[in-house]
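Heads up, the thing below is written out as structure tokens.
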Amino acid sequence: MTAGLRVEALGKEFVPGRPVLQDVDVSVAPGEFVCVVGASGSGKSTLLCLIAGLSRPSTGRVLLDGHEVLGPGPDRGLVFQTASLFPWRDVARNVAFGLEALGVPRAARQERVRWLLDEVGLAHLAGALPGRLSGGQQQRVSIARALACAPRVLLLDEPFGALDVQTKEDMQLFIRQVWQDVPSAADGAATGPARRSTVVMVTHDVEEAVFLGQRVLVLSSDPGRISQDIAIDLPEPRSLEVKRTPEFLKIKAAVEDLVRAEHRAHQARLSP
Ligand SMILES: Nc1ncnc2c1ncn2[C@@H]1O[C@H](COP(=O)(O)OP(=O)(O)OP(=O)(O)O)[C@@H](O)[C@H]1O
């Protein structure tokens with residue numbers, strides 16, 4: 001059995017004969033943090049939905065630890081751009097949702113929720129309803145909820161896209177910290193990076209992708225394919241200062257050029 005996430009010859013058509021994704025092949029090792037960038041409409045969210053099991057591929061398959069993904073499951077936690085919390089459930093009960101669905105006993109549930117809320121810095125808001133929270137706080141709750149069942153893979157679809165610049169940077173540091181601190185369920189005996197959740201994050205923000213990702217995948221359009229798979233060899237752990245280094249700026253510019261080239265090629269194909 002192969003550990004990690006494997007996307008094999010994946011294709012998706014919503015309209016027959018017009019594939020949004022075609023022949024997407026990629027492997028993500030356990031504990032790896034991978035970002036996906038690409039022009040608008042290149043199929044980034046579609047790829048994430050297929051990995052999540054929210055949508056079925058037209059061709060190919062997704063394997064998680066050797067098992068084909070056939071639908072959503074607690075081994076994959078999902079966070080979208082807007083928090084989509086249950087407005088009638090307080091913060092703690094939002095985080096507890098997946099654990100309740102799995103039938104985790106109350107005491108174990110409460111302990112896990114308390115630990116997660118501490119980890120995301122929101123223990124003091126456990127009893128608050130989501131409507132009282134800021135956008136950044138709501139996304140922290142969403143992330144805690146996605147992590148509650150200790151998923152093997154955390155799937156993030158533009159999770160910070162709706163936040164202001166300052167909050168966004170706080171959240172970037174936060175998600176990196178969470179990735180380092182919160183272990184995934186399986187591999188109980190493992191230590192270090194192998195115990196971390198695998199993260200696949202879609203973003204249109206190249207700076208964010210280069211700052212967060214150990215790898216950045218660039219998706220081409222018409223149809224969406226992985227056109228580049230770039231290892232980001234920046235020092236770890238990452239701090240915001242790295243964004244001002246020549247090395248970072250150079251990688252960012254190169255990835256921006258690739259995305260721009262894909263976008264222009266897409267526009268050219270659309271114009272008569
Ligand atoms: N359920 C659907 N039915 C029909 N077409 C769809 C559906 N979902 C996505 N598409 C189409 O698939 C293409 C890719 O959409 P997707 O949302 O995956 O792109 P994206 O790269 O995430 O875009 P953006 O960066 O703008 O969010 C688009 O042309 C979109 O219209």
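Identifiers for the structure tokens are assigned positionally: chains receive A, B, ... in sequence, residues are indexed from 1 per chain, and ligands are indexed from 1 in the order shown.
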Find the residues of chain A that sit at most 7 Å from ligand 1; for each, write down the nearest two atoms and how far apart they are in Å, to one decimal. Count only C-alpha atoms and all ligand atoms. Sort by chain, then by number going up, and give it as JSON lines.
```
{"residue": "A:Phe14", "atom": "CA", "partner": "ligand 1", "partner_atom_place_in_ligand_line": "4 (C)", "distance": 4.8}
{"residue": "A:Val15", "atom": "CA", "partner": "ligand 1", "partner_atom_place_in_ligand_line": "4 (C)", "distance": 6.9}
{"residue": "A:Val20", "atom": "CA", "partner": "ligand 1", "partner_atom_place_in_ligand_line": "12 (O)", "distance": 5.4}
{"residue": "A:Gly38", "atom": "CA", "partner": "ligand 1", "partner_atom_place_in_ligand_line": "21 (O)", "distance": 6.2}
{"residue": "A:Ala39", "atom": "CA", "partner": "ligand 1", "partner_atom_place_in_ligand_line": "21 (O)", "distance": 6.1}
{"residue": "A:Ser40", "atom": "CA", "partner": "ligand 1", "partner_atom_place_in_ligand_line": "25 (O)", "distance": 3.6}
{"residue": "A:Gly41", "atom": "CA", "partner": "ligand 1", "partner_atom_place_in_ligand_line": "19 (O)", "distance": 3.5}
{"residue": "A:Ser42", "atom": "CA", "partner": "ligand 1", "partner_atom_place_in_ligand_line": "21 (O)", "distance": 3.9}
{"residue": "A:Gly43", "atom": "CA", "partner": "ligand 1", "partner_atom_place_in_ligand_line": "18 (O)", "distance": 3.2}
{"residue": "A:Lys44", "atom": "CA", "partner": "ligand 1", "partner_atom_place_in_ligand_line": "21 (O)", "distance": 3.9}
{"residue": "A:Ser45", "atom": "CA", "partner": "ligand 1", "partner_atom_place_in_ligand_line": "22 (O)", "distance": 3.7}
{"residue": "A:Thr46", "atom": "CA", "partner": "ligand 1", "partner_atom_place_in_ligand_line": "18 (O)", "distance": 3.7}
{"residue": "A:Leu47", "atom": "CA", "partner": "ligand 1", "partner_atom_place_in_ligand_line": "18 (O)", "distance": 6.5}
{"residue": "A:His204", "atom": "CA", "partner": "ligand 1", "partner_atom_place_in_ligand_line": "25 (O)", "distance": 6.0}
```
Neighbouring residues of Leu155 of chain A were defined as those with any atom within 7 Å, considering only C-alpha atoms; residues of the same chain fewer than 4 positions away were excluded. Please report them as a list in words. Leu48, Arg76, Gly77, Leu78, Val79, Val199, Val200 and Met201 of chain A
Written file, previous selection with N, CA and C atoms, as a short mmCIF file (atom, residue, chain, number, x, y, z; two decimals), in the first residue's frame:
```cif
data_model
loop_
_atom_site.label_atom_id
_atom_site.label_comp_id
_atom_site.auth_asym_id
_atom_site.auth_seq_id
_atom_site.Cartn_x
_atom_site.Cartn_y
_atom_site.Cartn_z
N LEU A 48 -9.70 19.98 -6.05
CA LEU A 48 -9.86 19.80 -4.61
C LEU A 48 -11.13 19.00 -4.28
N ARG A 76 -10.38 13.17 5.34
CA ARG A 76 -10.10 14.41 4.61
C ARG A 76 -10.91 15.56 5.20
N GLY A 77 -10.20 16.56 5.74
CA GLY A 77 -10.88 17.74 6.30
C GLY A 77 -10.87 18.85 5.26
N LEU A 78 -11.99 19.56 5.18
CA LEU A 78 -12.16 20.54 4.11
C LEU A 78 -12.47 21.92 4.69
N VAL A 79 -11.80 22.94 4.15
CA VAL A 79 -12.09 24.33 4.56
C VAL A 79 -12.24 25.17 3.30
N VAL A 199 -1.25 18.66 3.64
CA VAL A 199 -2.09 19.81 3.32
C VAL A 199 -2.04 20.07 1.82
N VAL A 200 -3.22 20.19 1.20
CA VAL A 200 -3.32 20.64 -0.19
C VAL A 200 -4.16 21.90 -0.17
N MET A 201 -3.53 23.00 -0.56
CA MET A 201 -4.21 24.30 -0.46
C MET A 201 -4.27 24.97 -1.82
#
```
Check segment 8-146 of chain A with DSSP on the backbone and list each residue it calls strand (DSSP E), as a PyMOL selection string. chain A and resi 8-15+18-28+33-38+59-64+67-68+76-79
Can you pull out every residue within 8 Å of Val95 of chain A, counting only C-alpha atoms, but drop anything in the same chain fewer than 4 positions away, and send it as a list of chain:residue names?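 Counting only C-alpha atoms, the residues come to A:Val91, A:Val113, A:Val141, A:Ser142, A:Ala144, A:Arg145, A:Ala146, A:Ala148.
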For those residues, write N, CA and C atoms to a file as a PDB file, in the first residue's frame.
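See result_6.pdb below for the written result:
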```
ATOM      1  N   VAL A  91     -19.231  27.758  19.169  1.00  0.00           N
ATOM      2  CA  VAL A  91     -17.923  27.410  18.597  1.00  0.00           C
ATOM      3  C   VAL A  91     -17.528  25.973  18.940  1.00  0.00           C
ATOM      4  N   VAL A 113     -11.997  18.787  21.637  1.00  0.00           N
ATOM      5  CA  VAL A 113     -12.427  20.134  21.259  1.00  0.00           C
ATOM      6  C   VAL A 113     -11.673  21.169  22.086  1.00  0.00           C
ATOM      7  N   VAL A 141     -12.053  28.630  13.503  1.00  0.00           N
ATOM      8  CA  VAL A 141     -13.015  27.600  13.941  1.00  0.00           C
ATOM      9  C   VAL A 141     -13.193  26.558  12.829  1.00  0.00           C
ATOM     10  N   SER A 142     -13.297  27.032  11.580  1.00  0.00           N
ATOM     11  CA  SER A 142     -13.453  26.086  10.452  1.00  0.00           C
ATOM     12  C   SER A 142     -12.266  25.139  10.383  1.00  0.00           C
ATOM     13  N   ALA A 144     -10.241  24.339  12.889  1.00  0.00           N
ATOM     14  CA  ALA A 144     -10.314  23.422  14.039  1.00  0.00           C
ATOM     15  C   ALA A 144     -11.345  22.331  13.762  1.00  0.00           C
ATOM     16  N   ARG A 145     -12.477  22.702  13.162  1.00  0.00           N
ATOM     17  CA  ARG A 145     -13.524  21.706  12.849  1.00  0.00           C
ATOM     18  C   ARG A 145     -12.996  20.677  11.846  1.00  0.00           C
ATOM     19  N   ALA A 146     -12.265  21.176  10.845  1.00  0.00           N
ATOM     20  CA  ALA A 146     -11.721  20.255   9.833  1.00  0.00           C
ATOM     21  C   ALA A 146     -10.672  19.325  10.437  1.00  0.00           C
ATOM     22  N   ALA A 148     -10.714  18.234  13.567  1.00  0.00           N
ATOM     23  CA  ALA A 148     -11.227  17.526  14.741  1.00  0.00           C
ATOM     24  C   ALA A 148     -11.062  16.015  14.618  1.00  0.00           C
TER      25      ALA A 148
END
```
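Distance check against Val178 of chain A using only C-alpha atoms: of A:Gln81, A:Val210, A:Phe33, A:Leu5, the minimum falls on A:Phe33.
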My list of candidates is A:Gly71, A:Ala254, A:Ala231, A:Cys149. Which is closest to Glu100 of chain A when distances are computed with only C-alpha atoms? A:Cys149
Between atom CA of Leu154 of chain A and atom CA of Leu64 of chain A, what distance in Å does the model show, to one decimal?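 Distance reported for this atom pair: 12.2 Å.
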Please give the complete set of residues from segment 46-162 of chain A that DSSP, run on the backbone, assigns to helix (DSSP H, G or I), formatted as a PyMOL selection string. chain A and resi 46-52+91-95+97-101+106-119+123-125+130-132+135-147
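The gap separating atom CA of Arg238 of chain A from atom CA of Thr82 of chain A is 25.7 Å, in Å to one decimal.
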I want to know what sits within 10 Å of Asp233 of chain A, based on only C-alpha atoms, with residues of the same chain fewer than 6 positions away left out; could you give that as number ranges by chain? A: 210, 213-215, 247-248, 251
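For the residues A:Asp90, A:Asp75, A:Asp257, A:Asp118, ranking by smallest atom-to-atom distance to Ala150 of chain A using only C-alpha atoms places A:Asp75 first.
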